[in-house]
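Below is one structure, written out as structure tokens; comments come after it.
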Amino acid sequence: MKHTVLVMGNYLQPAEMQALEESFDTIHLWKEKDPEAVLQARRNDIQGIASVHSVPVSRTLIEALPNLEIISQFAVGYDNIDLVAAKERGIAVTNTPDVLTDDTADTGMALLLAVSRRVCEGDMYVRVGKWLNGNMPLGWSPKGKVAGIVGMGRIGQSVARKCEAFGMKIMYQGPRKKEDVPYVYEPDVQKLAENADYLILTCPGGAATRHLVNADVLKALGPKGFLINIARGSVVDEDALITALIDKTILGAGLDVYPDEPRVREELIKMDNVVLLPHIGSATHETRKMMGELVVNNLRAHFAGGPLLTPVKAA
């Protein structure tokens, strides 16, 4: 008899979704006309959740499923999951680290280059015929500039290596200094911003980093500084960011994440000095395939009684 898994969204690629359906009795919650009724009817059957960062796995949901054993997350971050509630119940939590590291770091570099070299502005400049009337304004070179990276985990280290390839100097901030990292450590975010030309966010989301980048940090970054966010929208005080961009407290921003996705503030949409992406940090065919395989294989490993491939230790 197959174990029952609650699938929280349509995020798996076809091959991985097929593998999930072949291995488990799946409940596709997003397809149901009355999700609450389905949950009530099947609550005792559900032993696993295949989750995604955009959908909360709350204490209420966890407590409503008395036989839940594992939450397999399709993301490296897991601040959408109530880890305290999961731990209280002894529920395993897994995520998909490593496989999305380089693609997410690449997205950070794409934003850095796009906002520095005015790539999106240049594209429009050509399309609307402005080039016929003269050259567009100059951009800025990242070479020789300081990349201040907030969060020196897997993604932060990948970003650092890529920045080095562009001739940039590296500083970083995090909860603690990493002895195996050859970059300058600055424990205070505001002081890091003072020294940085680009403040690049790669840290986890959640309560500990909520509004870590506030008005004071943006002021410290200054009128020649850029903010690049590939972390979580919650890390930045969005009101303070919009004010800083309008007032030219900072030079520009490149954003892949937002506090209220998929809704993006109209003020940001209207700005020429901001490059906006729809949370595509890991959005390549190759990476999404590997992430999907990890979700399925963690579920398989758990129900087979084997060790989990990528457990979340905090849980």
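In the structure tokens, chains take the letters A, B, ... in the order shown, each chain's residues start at 1, and ligands count up from 1 in the order shown.
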DSSP alpha helix (DSSP H) residues within region 47-87 of chain A, as JSON, numbers by chain: {"A": [59, 60, 61, 62, 63, 64, 83, 84, 85, 86, 87]}
Residue contacts of Pro307 (chain A) (12 Å, only C-alpha atoms) excluding same-chain residues fewer than 6 positions away, as a PyMOL selection string: chain A and resi 92+94+297-301
Writer output for current selection, N, CA and C atoms, as a tab-separated table (two decimals), in the first residue's frame:
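Result file part_13.tsv:
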chain	number	residue	atom	x	y	z
A	92	ALA	N	10.18	14.91	10.42
A	92	ALA	CA	11.40	15.21	9.68
A	92	ALA	C	11.13	16.31	8.66
A	94	THR	N	13.10	18.16	5.24
A	94	THR	CA	14.23	18.16	4.32
A	94	THR	C	14.10	19.34	3.37
A	297	ASN	N	13.22	11.78	-3.65
A	297	ASN	CA	14.13	10.80	-3.05
A	297	ASN	C	14.21	10.92	-1.53
A	298	ASN	N	14.02	12.12	-1.00
A	298	ASN	CA	13.95	12.25	0.47
A	298	ASN	C	12.71	11.56	1.01
A	299	LEU	N	11.59	11.69	0.30
A	299	LEU	CA	10.37	10.99	0.72
A	299	LEU	C	10.55	9.48	0.63
A	300	ARG	N	11.13	9.03	-0.46
A	300	ARG	CA	11.38	7.59	-0.62
A	300	ARG	C	12.28	7.06	0.49
A	301	ALA	N	13.36	7.80	0.78
A	301	ALA	CA	14.30	7.35	1.80
A	301	ALA	C	13.63	7.25	3.16
Listing only residues of region 46-127 of chain A within 12 Å of region 193-204 of chain A, what is the closest atom pair and its distance in Å (to one decimal) for each, using only C-alpha atoms, sorted by chain and residue number ascending, as JSON lines?
{"residue": "A:Ala75", "atom": "CA", "partner": "A:Pro204", "partner_atom": "CA", "distance": 11.5}
{"residue": "A:Val76", "atom": "CA", "partner": "A:Pro204", "partner_atom": "CA", "distance": 9.0}
{"residue": "A:Gly77", "atom": "CA", "partner": "A:Pro204", "partner_atom": "CA", "distance": 6.5}
{"residue": "A:Tyr78", "atom": "CA", "partner": "A:Pro204", "partner_atom": "CA", "distance": 8.6}
{"residue": "A:Asp79", "atom": "CA", "partner": "A:Pro204", "partner_atom": "CA", "distance": 8.0}
{"residue": "A:Asn80", "atom": "CA", "partner": "A:Pro204", "partner_atom": "CA", "distance": 11.4}
{"residue": "A:Thr101", "atom": "CA", "partner": "A:Thr202", "partner_atom": "CA", "distance": 10.4}
{"residue": "A:Thr104", "atom": "CA", "partner": "A:Thr202", "partner_atom": "CA", "distance": 9.1}
{"residue": "A:Ala105", "atom": "CA", "partner": "A:Thr202", "partner_atom": "CA", "distance": 8.5}
{"residue": "A:Asp106", "atom": "CA", "partner": "A:Thr202", "partner_atom": "CA", "distance": 12.0}
{"residue": "A:Thr107", "atom": "CA", "partner": "A:Thr202", "partner_atom": "CA", "distance": 11.2}
{"residue": "A:Gly108", "atom": "CA", "partner": "A:Ile200", "partner_atom": "CA", "distance": 7.7}
{"residue": "A:Met109", "atom": "CA", "partner": "A:Ile200", "partner_atom": "CA", "distance": 9.4}
{"residue": "A:Leu111", "atom": "CA", "partner": "A:Ile200", "partner_atom": "CA", "distance": 10.0}
{"residue": "A:Leu112", "atom": "CA", "partner": "A:Tyr198", "partner_atom": "CA", "distance": 8.0}
{"residue": "A:Leu113", "atom": "CA", "partner": "A:Tyr198", "partner_atom": "CA", "distance": 10.8}
{"residue": "A:Val115", "atom": "CA", "partner": "A:Tyr198", "partner_atom": "CA", "distance": 10.7}
{"residue": "A:Ser116", "atom": "CA", "partner": "A:Tyr198", "partner_atom": "CA", "distance": 9.7}
Selection: 10 Å around Ser72 (chain A), only C-alpha atoms, excl. self and same-chain fewer than 6 positions, as a PyMOL selection string: chain A and resi 5+7+48-52+78+92-96+294-299+302+310-312
Once DSSP has gone over the backbone, tell me which residues of region 18-67 of chain A are in strand (DSSP E or B), as a PDB file with C-alpha atoms, in the first residue's frame.
ATOM      1  CA  ASP A  25      -0.696   8.193  -3.286  1.00  0.00           C
ATOM      2  CA  THR A  26      -0.653  11.922  -4.015  1.00  0.00           C
ATOM      3  CA  ILE A  27      -3.179  14.574  -3.076  1.00  0.00           C
ATOM      4  CA  HIS A  28      -2.797  17.623  -5.343  1.00  0.00           C
ATOM      5  CA  ILE A  46      -1.474  12.011   4.981  1.00  0.00           C
ATOM      6  CA  GLN A  47       1.994  10.935   6.091  1.00  0.00           C
ATOM      7  CA  GLY A  48       4.142  13.257   3.997  1.00  0.00           C
ATOM      8  CA  ILE A  49       4.059  16.765   2.558  1.00  0.00           C
ATOM      9  CA  ALA A  50       5.838  17.842  -0.620  1.00  0.00           C
ATOM     10  CA  SER A  51       6.090  21.566   0.049  1.00  0.00           C
ATOM     11  CA  VAL A  52       7.338  24.666  -1.736  1.00  0.00           C
ATOM     12  CA  VAL A  57       3.285  24.869   6.212  1.00  0.00           C
TER      13      VAL A  57
END
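The interatomic distance for the pair CA of Tyr185 (chain A) and CA of Tyr172 (chain A) works out to 5.2 Å.
Across the structure, CA of Val55 (chain A) and CA of Gly9 (chain A) are spaced 7.8 Å apart.
Excluding Tyr258 (chain A) itself and same-chain residues fewer than 3 positions from it, the residues having an atom within 10 Å of it are Asn229, Ile230, Ala231, Arg232, Gly233, Ser234, Val235, Val236, Glu238, Leu255, Glu261, Pro262, Arg263, Val264, Arg265, Leu276, Leu277, Pro278 and His279 of chain A, counting only C-alpha atoms.
Note that CA of Lys270 (chain A) and CA of Ala240 (chain A) are 16.5 Å apart.
Here the question is which of A:Met271, A:His211, A:Pro259, A:Met290 gets nearest to Asp237 (chain A) using only C-alpha atoms, and that residue is A:His211.
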For Gly222 (chain A): contacts at 8 Å, only C-alpha atoms, fewer than 6 positions along chain excluded, given as a ChimeraX atom specification: /A:194,249-251
Selection file, N, CA and C atoms, as an mmCIF file, in the first residue's frame:
data_model
loop_
_atom_site.group_PDB
_atom_site.id
_atom_site.type_symbol
_atom_site.label_atom_id
_atom_site.label_comp_id
_atom_site.auth_asym_id
_atom_site.auth_seq_id
_atom_site.Cartn_x
_atom_site.Cartn_y
_atom_site.Cartn_z
ATOM 1 N N GLU A 194 28.708 50.517 4.655
ATOM 2 C CA GLU A 194 29.557 51.701 4.523
ATOM 3 C C GLU A 194 30.763 51.439 3.621
ATOM 4 N N THR A 249 19.188 58.043 -2.260
ATOM 5 C CA THR A 249 20.065 57.669 -1.157
ATOM 6 C C THR A 249 21.008 56.564 -1.599
ATOM 7 N N ILE A 250 20.505 55.656 -2.469
ATOM 8 C CA ILE A 250 21.340 54.666 -3.129
ATOM 9 C C ILE A 250 21.179 54.814 -4.639
ATOM 10 N N LEU A 251 22.098 54.237 -5.372
ATOM 11 C CA LEU A 251 22.111 54.430 -6.821
ATOM 12 C C LEU A 251 21.098 53.556 -7.551
#
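Of the residues listed (A:Ala19, A:Ala160, A:Ala110, A:Ile70), A:Ala110 shows the shortest atom-to-atom separation from Gly254 (chain A); distances use only C-alpha atoms.
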Among listed residues A:Met291, A:Ile280, A:Leu309, A:Ala147, nearest Leu227 (chain A) (using only C-alpha atoms): A:Ala147
